[in-house]
>>> print(open('upload.csv').read())   # CSV, C-alpha atoms
chain,number,residue,atom,x,y,z
A,1,MET,CA,9.9,-31.6,45.5
A,2,ASN,CA,12.8,-30.4,47.6
A,3,SER,CA,12.8,-27.0,49.2
A,4,VAL,CA,15.7,-24.6,49.8
A,5,HIS,CA,16.8,-24.8,53.5
A,6,PHE,CA,19.2,-21.9,54.4
A,7,THR,CA,21.9,-22.9,56.8
A,8,ALA,CA,24.2,-19.8,57.1
A,9,GLU,CA,24.1,-16.2,56.1
A,10,THR,CA,26.7,-13.4,55.8
A,11,SER,CA,26.7,-10.0,54.0
A,12,SER,CA,29.5,-7.9,52.6
A,13,ASN,CA,29.8,-5.0,50.1
A,14,GLY,CA,26.1,-5.1,49.4
A,15,VAL,CA,26.0,-8.8,48.6
A,16,LEU,CA,24.0,-11.3,50.8
A,17,GLU,CA,25.5,-14.8,50.8
A,18,ARG,CA,23.4,-17.7,52.0
A,19,ASP,CA,24.5,-21.3,52.2
A,20,PHE,CA,21.6,-23.7,51.5
A,21,THR,CA,20.7,-27.3,50.9
A,22,ALA,CA,18.1,-28.5,48.5
A,23,GLY,CA,17.4,-32.0,49.6
A,24,GLU,CA,21.0,-33.4,49.9
A,25,ILE,CA,22.5,-30.9,47.4
A,26,PRO,CA,24.7,-28.2,49.1
A,27,GLY,CA,24.7,-24.8,47.4
A,28,VAL,CA,25.2,-21.0,47.8
A,29,LEU,CA,22.8,-18.2,46.9
A,30,TRP,CA,24.2,-14.7,46.5
A,31,SER,CA,21.7,-11.8,46.3
A,32,PRO,CA,21.6,-8.0,46.5
A,33,ALA,CA,21.7,-7.2,50.2
A,34,SER,CA,19.1,-4.5,49.7
A,35,GLY,CA,16.4,-7.1,49.3
A,36,ALA,CA,15.0,-5.3,46.2
A,37,ASP,CA,12.2,-6.6,43.9
A,38,ARG,CA,12.6,-9.8,42.0
A,39,ALA,CA,15.6,-10.1,39.7
A,40,PRO,CA,16.8,-12.7,37.2
A,41,LEU,CA,18.7,-15.7,38.4
A,42,VAL,CA,22.1,-16.8,37.1
A,43,LEU,CA,23.2,-20.4,37.8
A,44,VAL,CA,27.0,-20.8,37.9
A,45,GLY,CA,28.8,-24.1,37.5
A,46,HIS,CA,32.3,-24.5,39.0
A,47,GLY,CA,35.4,-26.1,37.5
A,48,GLY,CA,36.8,-29.6,38.0
A,49,GLY,CA,38.6,-30.1,41.3
A,50,THR,CA,37.1,-27.0,42.9
A,51,HIS,CA,33.9,-26.3,44.8
A,52,LYS,CA,30.9,-23.9,45.2
A,53,LYS,CA,32.9,-21.3,47.2
A,54,TRP,CA,36.2,-21.4,45.2
A,55,PRO,CA,37.6,-17.9,45.0
A,56,ALA,CA,36.8,-17.6,41.2
A,57,MET,CA,33.2,-18.6,41.9
A,58,THR,CA,32.7,-16.1,44.7
A,59,GLY,CA,34.3,-13.4,42.6
A,60,ARG,CA,32.1,-14.0,39.6
A,61,ALA,CA,29.0,-14.2,41.8
A,62,HIS,CA,29.8,-10.8,43.5
A,63,ARG,CA,30.3,-9.2,40.0
A,64,LEU,CA,27.0,-10.6,38.8
A,65,VAL,CA,25.2,-9.3,41.9
A,66,ALA,CA,26.9,-6.0,42.3
A,67,ASP,CA,27.1,-5.0,38.6
A,68,GLY,CA,24.0,-6.9,37.2
A,69,GLY,CA,21.6,-6.9,40.2
A,70,PHE,CA,21.1,-10.7,39.7
A,71,HIS,CA,20.6,-13.5,42.1
A,72,VAL,CA,23.4,-16.0,41.7
A,73,ALA,CA,23.4,-19.7,42.7
A,74,THR,CA,25.8,-22.6,42.6
A,75,ILE,CA,26.0,-26.1,43.9
A,76,ASP,CA,28.8,-28.6,44.6
A,77,ALA,CA,29.1,-31.0,41.7
A,78,PRO,CA,29.1,-34.7,42.6
A,79,GLY,CA,32.3,-35.7,44.3
A,80,HIS,CA,33.4,-32.1,44.8
A,81,GLY,CA,33.4,-29.8,47.8
A,82,GLY,CA,32.1,-31.6,50.9
A,83,ARG,CA,30.3,-34.3,48.8
A,84,PRO,CA,31.7,-37.8,49.1
A,85,ARG,CA,33.5,-39.4,46.1
A,86,THR,CA,32.4,-42.7,44.7
A,87,ALA,CA,34.8,-45.5,43.8
A,88,HIS,CA,34.4,-44.5,40.2
A,89,ASP,CA,35.4,-40.9,41.1
A,90,GLU,CA,38.5,-42.1,42.9
A,91,GLN,CA,39.5,-44.3,40.0
A,92,GLU,CA,39.1,-41.6,37.3
A,93,ILE,CA,40.9,-39.0,39.4
A,94,ALA,CA,43.8,-41.5,39.9
A,95,VAL,CA,44.0,-42.2,36.2
A,96,MET,CA,44.0,-38.4,35.5
A,97,GLN,CA,46.8,-37.8,38.0
A,98,ARG,CA,49.0,-40.5,36.6
A,99,ALA,CA,48.6,-39.1,33.1
A,100,MET,CA,49.5,-35.6,34.3
A,101,LYS,CA,52.5,-36.9,36.2
A,102,ALA,CA,53.7,-38.8,33.1
A,103,GLY,CA,53.1,-35.8,30.8
A,104,GLU,CA,50.5,-37.7,28.8
A,105,PRO,CA,47.3,-36.1,27.3
A,106,VAL,CA,44.5,-35.8,29.9
A,107,GLY,CA,41.8,-34.6,27.5
A,108,PRO,CA,40.3,-38.0,26.8
A,109,ILE,CA,40.2,-38.8,30.5
A,110,VAL,CA,38.6,-35.4,31.4
A,111,VAL,CA,36.0,-35.7,28.7
A,112,ARG,CA,35.0,-39.2,29.8
A,113,TYR,CA,34.9,-38.4,33.5
A,114,ASN,CA,33.1,-35.1,33.0
A,115,ALA,CA,30.4,-36.8,30.9
A,116,HIS,CA,29.9,-39.2,33.8
A,117,LEU,CA,29.6,-36.3,36.2
A,118,ALA,CA,27.1,-34.5,33.9
A,119,GLU,CA,24.8,-37.6,34.0
A,120,ARG,CA,24.7,-37.2,37.8
A,121,ALA,CA,24.7,-33.4,38.0
A,122,VAL,CA,22.1,-32.4,35.4
A,123,PRO,CA,19.1,-33.8,37.5
A,124,GLU,CA,20.6,-32.1,40.6
A,125,TRP,CA,20.7,-28.8,38.8
A,126,GLN,CA,17.1,-29.2,37.6
A,127,ALA,CA,15.9,-30.0,41.2
A,128,THR,CA,17.9,-27.1,42.5
A,129,LEU,CA,16.3,-24.7,40.0
A,130,ASP,CA,12.9,-26.0,40.9
A,131,ALA,CA,13.6,-25.3,44.6
A,132,LEU,CA,15.1,-21.8,44.0
A,133,GLN,CA,12.1,-20.7,41.9
A,134,GLU,CA,9.9,-21.4,45.0
A,135,LEU,CA,11.6,-18.5,46.8
A,136,PRO,CA,9.6,-15.3,46.7
A,137,GLU,CA,12.6,-13.2,45.7
A,138,ILE,CA,13.2,-15.4,42.6
A,139,GLY,CA,9.9,-16.9,41.5
A,140,ALA,CA,9.0,-19.1,38.6
A,141,GLU,CA,8.3,-16.3,36.1
A,142,GLY,CA,11.7,-14.7,35.9
A,143,PRO,CA,14.4,-15.5,33.3
A,144,VAL,CA,17.4,-17.7,34.2
A,145,GLY,CA,21.0,-17.7,32.8
A,146,TYR,CA,23.8,-20.2,33.1
A,147,PHE,CA,27.5,-19.5,33.5
A,148,GLY,CA,30.1,-22.3,33.5
A,149,LEU,CA,33.6,-22.9,32.3
A,150,ASN,CA,35.7,-26.1,32.1
A,151,MET,CA,33.7,-28.7,34.0
A,152,GLY,CA,31.0,-26.1,34.3
A,153,THR,CA,30.7,-26.3,30.6
A,154,ALA,CA,30.8,-30.1,30.5
A,155,ILE,CA,27.8,-30.2,32.9
A,156,GLY,CA,26.2,-27.0,31.7
A,157,VAL,CA,25.8,-27.8,28.0
A,158,PRO,CA,23.6,-30.9,28.6
A,159,PHE,CA,21.8,-29.1,31.4
A,160,VAL,CA,21.0,-26.1,29.2
A,161,ALA,CA,20.0,-28.3,26.3
A,162,SER,CA,17.6,-30.1,28.5
A,163,GLU,CA,16.2,-27.1,30.4
A,164,PRO,CA,13.9,-24.7,28.6
A,165,ARG,CA,13.9,-22.3,31.5
A,166,ILE,CA,17.5,-21.2,30.7
A,167,THR,CA,17.4,-18.2,28.3
A,168,ALA,CA,21.1,-17.3,27.9
A,169,ALA,CA,24.4,-19.0,28.7
A,170,VAL,CA,28.2,-18.5,28.9
A,171,PHE,CA,30.4,-21.5,28.2
A,172,GLY,CA,34.0,-22.2,27.4
A,173,LEU,CA,37.3,-24.0,27.8
A,174,HIS,CA,36.2,-27.6,26.9
A,175,TRP,CA,36.5,-30.2,24.3
A,176,PRO,CA,33.7,-30.9,21.8
A,177,GLU,CA,33.6,-34.7,22.3
A,178,ALA,CA,30.5,-35.7,24.3
A,179,LEU,CA,29.2,-32.1,24.1
A,180,ALA,CA,28.7,-31.3,20.3
A,181,GLU,CA,25.5,-33.3,20.0
A,182,TRP,CA,24.0,-31.5,23.0
A,183,ALA,CA,25.3,-28.1,21.7
A,184,ARG,CA,23.4,-28.7,18.4
A,185,GLN,CA,20.2,-28.6,20.5
A,186,ILE,CA,20.9,-25.2,22.0
A,187,THR,CA,19.5,-22.1,20.3
A,188,ILE,CA,19.6,-19.5,23.0
A,189,PRO,CA,22.1,-16.6,23.0
A,190,ILE,CA,25.6,-17.9,23.8
A,191,GLU,CA,28.9,-16.3,24.7
A,192,PHE,CA,31.9,-18.7,24.4
A,193,THR,CA,35.5,-18.3,25.5
A,194,LEU,CA,38.6,-20.1,24.6
A,195,GLN,CA,42.4,-19.7,25.1
A,196,TRP,CA,44.3,-19.6,21.8
A,197,ASP,CA,47.4,-21.2,23.3
A,198,ASP,CA,45.6,-23.7,25.5
A,199,GLU,CA,48.1,-26.6,26.2
A,200,HIS,CA,45.2,-29.0,26.9
A,201,ILE,CA,42.5,-28.1,24.5
A,202,PRO,CA,43.6,-27.5,20.9
A,203,ARG,CA,42.1,-24.4,19.4
A,204,GLU,CA,40.5,-26.5,16.7
A,205,SER,CA,38.6,-28.4,19.4
A,206,GLY,CA,37.4,-25.2,21.1
A,207,LEU,CA,36.3,-23.8,17.7
A,208,ALA,CA,34.5,-27.0,16.9
A,209,LEU,CA,32.5,-26.8,20.1
A,210,PHE,CA,31.6,-23.2,19.4
A,211,ASP,CA,30.6,-24.0,15.9
A,212,ALA,CA,28.3,-26.8,17.1
A,213,PHE,CA,25.9,-24.5,19.0
A,214,ALA,CA,22.7,-24.0,16.9
A,215,SER,CA,22.3,-20.5,18.3
A,216,THR,CA,21.8,-17.7,15.8
A,217,GLU,CA,23.2,-15.3,18.3
A,218,LYS,CA,26.5,-16.5,19.6
A,219,THR,CA,29.8,-14.7,20.3
A,220,LEU,CA,33.3,-16.2,20.4
A,221,HIS,CA,35.9,-14.6,22.7
A,222,ALA,CA,39.4,-16.0,21.9
A,223,ASN,CA,42.3,-14.7,24.1
A,224,SER,CA,46.0,-15.4,23.9
A,225,GLY,CA,47.4,-17.5,26.7
A,226,ARG,CA,47.4,-20.9,28.2
A,227,HIS,CA,44.5,-22.8,29.8
A,228,LYS,CA,44.6,-21.2,33.2
A,229,GLU,CA,45.4,-17.7,31.9
A,230,LEU,CA,41.8,-16.6,31.0
A,231,PRO,CA,41.7,-12.8,31.5
A,232,ARG,CA,39.7,-11.6,34.5
A,233,PHE,CA,37.9,-9.1,32.3
A,234,GLU,CA,36.0,-12.1,30.7
A,235,ALA,CA,34.0,-12.2,34.0
A,236,ASP,CA,33.0,-8.6,33.4
A,237,SER,CA,32.0,-9.4,29.8
A,238,ALA,CA,29.8,-12.2,31.2
A,239,VAL,CA,28.0,-9.7,33.4
A,240,ARG,CA,27.3,-7.4,30.4
A,241,PHE,CA,26.1,-10.4,28.4
A,242,PHE,CA,23.5,-11.4,31.0
A,243,VAL,CA,22.4,-7.8,31.4
A,244,ARG,CA,21.7,-7.7,27.7
A,245,HIS,CA,20.0,-11.0,27.4
A,246,LEU,CA,18.1,-11.6,30.7
A,247,ASP,CA,14.8,-9.7,30.6
A,248,ARG,CA,14.8,-7.3,33.5
A,249,SER,CA,11.0,-6.8,33.5
A,250,VAL,CA,10.4,-9.5,36.0
A,251,VAL,CA,7.2,-9.9,38.0
A,252,ALA,CA,7.3,-8.4,41.5
A,253,PRO,CA,6.3,-10.7,44.3
A,254,ALA,CA,2.7,-10.4,45.5
>>> encode(input="upload.csv", output="structure tokens")
Amino acid sequence: MNSVHFTAETSSNGVLERDFTAGEIPGVLWSPASGADRAPLVLVGHGGGTHKKWPAMTGRAHRLVADGGFHVATIDAPGHGGRPRTAHDEQEIAVMQRAMKAGEPVGPIVVRYNAHLAERAVPEWQATLDALQELPEIGAEGPVGYFGLNMGTAIGVPFVASEPRITAAVFGLHWPEALAEWARQITIPIEFTLQWDDEHIPRESGLALFDAFASTEKTLHANSGRHKELPRFEADSAVRFFVRHLDRSVVAPA
């Protein structure tokens, strides 16, 4: 099994940021700088075309650490960040860019490509979680959450459906194709967000994905605005969601 190898460390505003690798997978772990007792872990998946330290990712991580007291980890998805692209990656990205330039729908392309990325990324997330739980400040006994929008949902839904260690999740901003069957296997508490005026994802599609989750406790947040106009306060809502649902009575390290 791969172990976490830390490669860089910085600290600001009470948040410790550590770059790491788990095998060949590059990631970042944000933690309370105080080095307090064990705390729950929240895994965060980034969106398409971005990377593990994208400003939105760093901002969400700092909120989760500062306001929730969590450890927060993310990894670069295949073909993203500093990771090389395959010929298949290049082909799908070129098709997507041509469709966008021509004003054609990109949904079917995104769904297809994200499903391919999920097949590659889910085992990487599982291996990363294995490695992170070997750290004394996290441990294998504590609860784990998942937070991912857009491509983070495309990868996160099959990951969460396959991973019993995840006990609460925040998803949103994606189509139901390729995800609905996975969503029907998920019964943990869910918070789901969609944009009512999304120019790419019809509201009926967002509602269909929300409806597919088998969770008895699930909450829908629908905001007016286009795809990239998700209100920043949804990040604060995600923090409150994880505070409610991740058991804080974790076991202290021996």
>>> residues_around(input="upload.csv", residues="Ala131 of chain A", least_positions_apart="3", cutoff="12 Å", atoms="all atoms listed in the file", output="count of residues only")
25
>>> residues_around(input="upload.csv", residues="Pro32 of chain A", least_positions_apart="4", cutoff="12 Å", atoms="only C-alpha atoms", output="compact mmCIF listing (two decimals) with C-alpha atoms, in the coordinates of the input")
# COMPACT_ATOMS: atom_id res chain seq x y z
CA THR A 10 26.70 -13.40 55.80
CA SER A 11 26.70 -10.00 54.00
CA SER A 12 29.50 -7.90 52.60
CA ASN A 13 29.80 -5.00 50.10
CA GLY A 14 26.10 -5.10 49.40
CA VAL A 15 26.00 -8.80 48.60
CA LEU A 16 24.00 -11.30 50.80
CA GLU A 17 25.50 -14.80 50.80
CA ARG A 18 23.40 -17.70 52.00
CA ALA A 36 15.00 -5.30 46.20
CA ASP A 37 12.20 -6.60 43.90
CA ARG A 38 12.60 -9.80 42.00
CA ALA A 39 15.60 -10.10 39.70
CA PRO A 40 16.80 -12.70 37.20
CA LEU A 41 18.70 -15.70 38.40
CA ALA A 61 29.00 -14.20 41.80
CA HIS A 62 29.80 -10.80 43.50
CA ARG A 63 30.30 -9.20 40.00
CA LEU A 64 27.00 -10.60 38.80
CA VAL A 65 25.20 -9.30 41.90
CA ALA A 66 26.90 -6.00 42.30
CA ASP A 67 27.10 -5.00 38.60
CA GLY A 68 24.00 -6.90 37.20
CA GLY A 69 21.60 -6.90 40.20
CA PHE A 70 21.10 -10.70 39.70
CA HIS A 71 20.60 -13.50 42.10
CA VAL A 72 23.40 -16.00 41.70
CA GLU A 137 12.60 -13.20 45.70
CA ILE A 138 13.20 -15.40 42.60
>>> atom_distance(input="upload.csv", atom1="atom CA of His200 of chain A", atom2="atom CA of Gly49 of chain A")
15.9 Å
>>> residues_around(input="upload.csv", residues="Ala168 of chain A", least_positions_apart="5", cutoff="7 Å", atoms="all atoms listed in the file", output="PyMOL selection string")
chain A and resi 145-146+188-190+245
>>> atom_distance(input="upload.csv", atom1="atom CA of Gly172 of chain A", atom2="atom CA of Leu194 of chain A")
5.8 Å
>>> closest_residue(input="upload.csv", among="A:Glu229, A:Asp236, A:Glu141, A:Asp130", to="Leu173 of chain A", atoms="all atoms listed in the file")
A:Glu229
>>> atom_distance(input="upload.csv", atom1="atom CA of Gly82 of chain A", atom2="atom CA of Asp19 of chain A")
12.9 Å
>>> closest_residue(input="upload.csv", among="A:Leu230, A:Ala121, A:Val28, A:Ile201", to="Pro108 of chain A", atoms="all atoms listed in the file")
A:Ile201
>>> closest_residue(input="upload.csv", among="A:Gly142, A:Pro78, A:Gly148, A:Gly107", to="Pro202 of chain A", atoms="only C-alpha atoms")
A:Gly107
>>> closest_residue(input="upload.csv", among="A:Ala235, A:Leu179, A:Ile75, A:Ile186", to="Gly59 of chain A", atoms="only C-alpha atoms")
A:Ala235
>>> closest_residue(input="upload.csv", among="A:Gln133, A:Thr58, A:Ser224, A:Thr153", to="Arg203 of chain A", atoms="all atoms listed in the file")
A:Ser224
>>> residues_around(input="upload.csv", residues="Ala212 of chain A", least_positions_apart="5", cutoff="10 Å", atoms="all atoms listed in the file", output="NGL selection string")
:A and (176 or 179-186 or 207)
>>> closest_residue(input="upload.csv", among="A:Phe192, A:Phe241, A:Trp175, A:Phe213", to="Ile109 of chain A", atoms="all atoms listed in the file")
A:Trp175
>>> residues_around(input="upload.csv", residues="Leu220 of chain A", least_positions_apart="2", cutoff="7 Å", atoms="only C-alpha atoms", output="list in words")
Glu191, Phe192, Thr193, Lys218 and Ala222 of chain A
>>> residues_near_point(input="upload.csv", point="(26.7, -25.8, 35.9)", cutoff="12 Å", atoms="only C-alpha atoms", output="mmCIF file with C-alpha atoms, keeping the file's coordinate frame")
data_model
loop_
_atom_site.group_PDB
_atom_site.id
_atom_site.type_symbol
_atom_site.label_atom_id
_atom_site.label_comp_id
_atom_site.auth_asym_id
_atom_site.auth_seq_id
_atom_site.Cartn_x
_atom_site.Cartn_y
_atom_site.Cartn_z
ATOM 1 C CA GLY A 27 24.700 -24.800 47.400
ATOM 2 C CA VAL A 42 22.100 -16.800 37.100
ATOM 3 C CA LEU A 43 23.200 -20.400 37.800
ATOM 4 C CA VAL A 44 27.000 -20.800 37.900
ATOM 5 C CA GLY A 45 28.800 -24.100 37.500
ATOM 6 C CA HIS A 46 32.300 -24.500 39.000
ATOM 7 C CA GLY A 47 35.400 -26.100 37.500
ATOM 8 C CA GLY A 48 36.800 -29.600 38.000
ATOM 9 C CA HIS A 51 33.900 -26.300 44.800
ATOM 10 C CA LYS A 52 30.900 -23.900 45.200
ATOM 11 C CA MET A 57 33.200 -18.600 41.900
ATOM 12 C CA VAL A 72 23.400 -16.000 41.700
ATOM 13 C CA ALA A 73 23.400 -19.700 42.700
ATOM 14 C CA THR A 74 25.800 -22.600 42.600
ATOM 15 C CA ILE A 75 26.000 -26.100 43.900
ATOM 16 C CA ASP A 76 28.800 -28.600 44.600
ATOM 17 C CA ALA A 77 29.100 -31.000 41.700
ATOM 18 C CA PRO A 78 29.100 -34.700 42.600
ATOM 19 C CA ASN A 114 33.100 -35.100 33.000
ATOM 20 C CA LEU A 117 29.600 -36.300 36.200
ATOM 21 C CA ALA A 118 27.100 -34.500 33.900
ATOM 22 C CA ARG A 120 24.700 -37.200 37.800
ATOM 23 C CA ALA A 121 24.700 -33.400 38.000
ATOM 24 C CA VAL A 122 22.100 -32.400 35.400
ATOM 25 C CA PRO A 123 19.100 -33.800 37.500
ATOM 26 C CA GLU A 124 20.600 -32.100 40.600
ATOM 27 C CA TRP A 125 20.700 -28.800 38.800
ATOM 28 C CA GLN A 126 17.100 -29.200 37.600
ATOM 29 C CA THR A 128 17.900 -27.100 42.500
ATOM 30 C CA LEU A 129 16.300 -24.700 40.000
ATOM 31 C CA GLY A 145 21.000 -17.700 32.800
ATOM 32 C CA TYR A 146 23.800 -20.200 33.100
ATOM 33 C CA PHE A 147 27.500 -19.500 33.500
ATOM 34 C CA GLY A 148 30.100 -22.300 33.500
ATOM 35 C CA LEU A 149 33.600 -22.900 32.300
ATOM 36 C CA ASN A 150 35.700 -26.100 32.100
ATOM 37 C CA MET A 151 33.700 -28.700 34.000
ATOM 38 C CA GLY A 152 31.000 -26.100 34.300
ATOM 39 C CA THR A 153 30.700 -26.300 30.600
ATOM 40 C CA ALA A 154 30.800 -30.100 30.500
ATOM 41 C CA ILE A 155 27.800 -30.200 32.900
ATOM 42 C CA GLY A 156 26.200 -27.000 31.700
ATOM 43 C CA VAL A 157 25.800 -27.800 28.000
ATOM 44 C CA PRO A 158 23.600 -30.900 28.600
ATOM 45 C CA PHE A 159 21.800 -29.100 31.400
ATOM 46 C CA VAL A 160 21.000 -26.100 29.200
ATOM 47 C CA ALA A 161 20.000 -28.300 26.300
ATOM 48 C CA GLU A 163 16.200 -27.100 30.400
ATOM 49 C CA ILE A 166 17.500 -21.200 30.700
ATOM 50 C CA ALA A 169 24.400 -19.000 28.700
ATOM 51 C CA VAL A 170 28.200 -18.500 28.900
ATOM 52 C CA PHE A 171 30.400 -21.500 28.200
ATOM 53 C CA GLY A 172 34.000 -22.200 27.400
#
>>> axis_aligned_box(input="upload.csv", around="segment 149-154 of chain A", padding_each_side="6 Å", output="lines of an AutoDock Vina configuration file")
center_x = 33.2
center_y = -26.5
center_z = 32.4
size_x = 17.0
size_y = 19.2
size_z = 15.8
>>> decode(input="upload.csv", residues="segment 74-90 of chain A", atoms="N, CA and C atoms", output="CSV table (one decimal), in the first residue's frame")
chain,number,residue,atom,x,y,z
A,74,THR,N,-7.2,16.9,-1.2
A,74,THR,CA,-7.6,16.7,-2.6
A,74,THR,C,-6.5,16.2,-3.4
A,75,ILE,N,-6.7,15.6,-4.5
A,75,ILE,CA,-5.7,15.2,-5.5
A,75,ILE,C,-6.0,15.7,-6.9
A,76,ASP,N,-5.0,15.7,-7.7
A,76,ASP,CA,-5.2,16.1,-9.1
A,76,ASP,C,-5.8,14.9,-9.8
A,77,ALA,N,-6.9,15.2,-10.5
A,77,ALA,CA,-7.6,14.1,-11.3
A,77,ALA,C,-6.6,13.7,-12.5
A,78,PRO,N,-6.9,12.6,-13.1
A,78,PRO,CA,-6.1,12.2,-14.2
A,78,PRO,C,-6.1,13.2,-15.3
A,79,GLY,N,-4.9,13.6,-15.9
A,79,GLY,CA,-4.9,14.5,-17.0
A,79,GLY,C,-5.0,16.0,-16.5
A,80,HIS,N,-5.0,16.2,-15.2
A,80,HIS,CA,-5.2,17.6,-14.7
A,80,HIS,C,-4.0,18.0,-13.8
A,81,GLY,N,-3.9,19.3,-13.6
A,81,GLY,CA,-2.8,19.8,-12.8
A,81,GLY,C,-1.5,19.5,-13.5
A,82,GLY,N,-0.5,18.9,-12.8
A,82,GLY,CA,0.8,18.5,-13.3
A,82,GLY,C,0.8,17.1,-13.9
A,83,ARG,N,-0.4,16.5,-14.0
A,83,ARG,CA,-0.4,15.1,-14.5
A,83,ARG,C,-0.5,15.0,-16.0
A,84,PRO,N,0.2,14.2,-16.7
A,84,PRO,CA,0.2,14.1,-18.1
A,84,PRO,C,-1.1,13.7,-18.7
A,85,ARG,N,-1.5,14.2,-19.8
A,85,ARG,CA,-2.7,13.8,-20.5
A,85,ARG,C,-2.4,12.6,-21.5
A,86,THR,N,-3.3,11.7,-21.6
A,86,THR,CA,-3.2,10.6,-22.5
A,86,THR,C,-3.7,11.1,-23.9
A,87,ALA,N,-3.5,10.3,-24.9
A,87,ALA,CA,-4.0,10.6,-26.2
A,87,ALA,C,-5.6,10.7,-26.2
A,88,HIS,N,-6.2,9.9,-25.4
A,88,HIS,CA,-7.7,10.0,-25.2
A,88,HIS,C,-8.1,11.3,-24.6
A,89,ASP,N,-7.3,11.7,-23.6
A,89,ASP,CA,-7.6,13.0,-23.0
A,89,ASP,C,-7.6,14.1,-24.0
A,90,GLU,N,-6.5,14.2,-24.8
A,90,GLU,CA,-6.3,15.2,-25.8
A,90,GLU,C,-7.5,15.2,-26.8
